[in-house]
>>> print(open('upload24.txt').read())   # compact mmCIF, C-alpha atoms
# COMPACT_ATOMS: atom_id res chain seq x y z
CA MET A 24 0.69 -24.49 6.89
CA ALA A 25 -2.02 -23.66 4.37
CA GLN A 26 0.20 -21.18 2.51
CA SER A 27 3.09 -23.62 2.14
CA PRO A 28 1.61 -27.13 1.84
CA ARG A 29 4.93 -28.71 0.76
CA ASP A 30 6.89 -27.42 3.77
CA TYR A 31 6.90 -29.89 6.65
CA HIS A 32 8.59 -27.55 9.13
CA TRP A 33 5.40 -25.77 10.17
CA SER A 34 3.62 -29.07 10.71
CA THR A 35 6.48 -30.23 12.90
CA VAL A 36 6.39 -27.03 14.95
CA LEU A 37 2.62 -27.29 15.41
CA ALA A 38 2.92 -30.96 16.41
CA ARG A 39 5.52 -30.10 19.05
CA ILE A 40 3.31 -27.32 20.38
CA GLN A 41 0.36 -29.72 20.58
CA THR A 42 2.59 -32.21 22.38
CA SER A 43 3.67 -29.64 24.95
CA LEU A 44 0.01 -28.75 25.48
CA GLU A 45 -0.64 -32.49 25.97
CA ASN A 46 -3.11 -32.61 23.09
CA TYR A 47 -1.72 -35.90 21.82
CA PRO A 48 -4.44 -36.84 19.29
CA ALA A 49 -4.04 -33.48 17.54
CA ALA A 50 -0.26 -33.84 17.60
CA ILE A 51 -0.51 -37.29 16.02
CA ASP A 52 -2.72 -35.87 13.26
CA VAL A 53 -0.27 -33.06 12.54
CA TYR A 54 2.67 -35.48 12.54
CA ALA A 55 0.74 -37.53 9.98
CA LYS A 56 0.53 -34.45 7.74
CA ALA A 57 4.27 -33.86 8.11
CA ILE A 58 4.98 -37.51 7.33
CA ALA A 59 2.82 -37.29 4.21
CA ILE A 60 5.08 -34.49 3.00
CA ARG A 61 8.39 -36.07 4.08
CA PRO A 62 8.02 -39.86 4.39
CA ASP A 63 11.81 -40.25 4.59
CA ARG A 64 12.19 -38.60 8.01
CA ALA A 65 12.60 -41.22 10.72
CA ASP A 66 12.42 -38.64 13.51
CA LEU A 67 8.82 -37.80 12.59
CA TYR A 68 7.84 -41.45 12.81
CA THR A 69 9.65 -41.81 16.15
CA ALA A 70 7.89 -38.79 17.63
CA ARG A 71 4.49 -39.99 16.45
CA ALA A 72 5.13 -43.50 17.76
CA GLY A 73 6.01 -42.12 21.19
CA LEU A 74 2.71 -40.27 21.32
CA GLU A 75 0.84 -43.36 20.19
CA GLU A 76 2.44 -45.26 23.05
CA ARG A 77 1.19 -42.65 25.50
CA LEU A 78 -2.33 -43.12 24.15
CA MET A 79 -1.87 -46.91 24.30
CA ARG A 80 -2.24 -47.36 20.56
CA PHE A 81 0.42 -50.03 20.50
CA ASP A 82 -0.39 -51.47 17.07
CA ASP A 83 -0.01 -48.05 15.46
CA ALA A 84 3.20 -47.42 17.39
CA ALA A 85 4.60 -50.79 16.31
CA SER A 86 3.92 -50.03 12.65
CA ASP A 87 5.64 -46.64 13.02
CA TYR A 88 8.65 -48.24 14.70
CA GLU A 89 8.78 -50.80 11.90
CA ARG A 90 8.93 -47.95 9.40
CA VAL A 91 11.71 -46.30 11.45
CA TYR A 92 13.66 -49.55 11.28
CA GLN A 93 13.21 -49.68 7.50
CA LEU A 94 14.37 -46.08 7.13
CA ALA A 95 17.32 -46.42 9.50
CA TYR A 96 18.48 -49.77 8.16
CA ARG A 97 20.58 -48.27 5.37
CA ASP A 98 21.44 -45.07 7.25
CA PRO A 99 25.20 -44.88 7.94
CA GLN A 100 24.62 -42.98 11.19
>>> encode(input="upload24.txt", output="structure tokens")
Amino acid sequence: MAQSPRDYHWSTVLARIQTSLENYPAAIDVYAKAIAIRPDRADLYTARAGLEERLMRFDDAASDYERVYQLAYRDPQ
């Protein structure tokens, strides 16, 4: 991640590894780094919001879901 700071793929991989290890706060932090690089990816927001729900951070999860709605509103899929 340090060698390629503009590539969000490694952050996503690390966040998924942290999630599988059930280290949710670390996974949320890494997802935040990936979102800072690619703020247009709704799947990153959705994954982070799911982890925030598990940690009962409902206000943070609601703001992430609101952002997902804004991103998906004009998406033809």
>>> closest_residue(input="upload24.txt", among="A:Tyr47, A:Trp33, A:Phe81, A:Tyr92", to="Tyr68 in chain A", atoms="all atoms listed in the file")
A:Tyr92
>>> closest_residue(input="upload24.txt", among="A:Leu78, A:Ala38, A:Ala95, A:Ala85", to="Ala50 in chain A", atoms="only C-alpha atoms")
A:Ala38
>>> closest_residue(input="upload24.txt", among="A:Glu75, A:Asp98, A:Asp82, A:Asp63", to="Ile51 in chain A", atoms="all atoms listed in the file")
A:Glu75
>>> residues_around(input="upload24.txt", residues="range 55-57 of chain A", least_positions_apart="5", cutoff="12 Å", atoms="all atoms listed in the file", output="PyMOL selection string")
chain A and resi 24-25+27-39+48-50+62-72+74-75+83+87
>>> atom_distance(input="upload24.txt", atom1="CA of Tyr96 in chain A", atom2="CA of Arg80 in chain A")
24.3 Å
>>> atom_distance(input="upload24.txt", atom1="CA of Leu44 in chain A", atom2="CA of Met79 in chain A")
18.3 Å
>>> atom_distance(input="upload24.txt", atom1="CA of Ile58 in chain A", atom2="CA of Arg97 in chain A")
19.1 Å
>>> axis_aligned_box(input="upload24.txt", around="range 41-56 of chain A", padding_each_side="5 Å", output="AutoDock Vina command-line options")
--center_x -0.4 --center_y -33.1 --center_z 16.9 --size_x 18.1 --size_y 18.8 --size_z 28.2
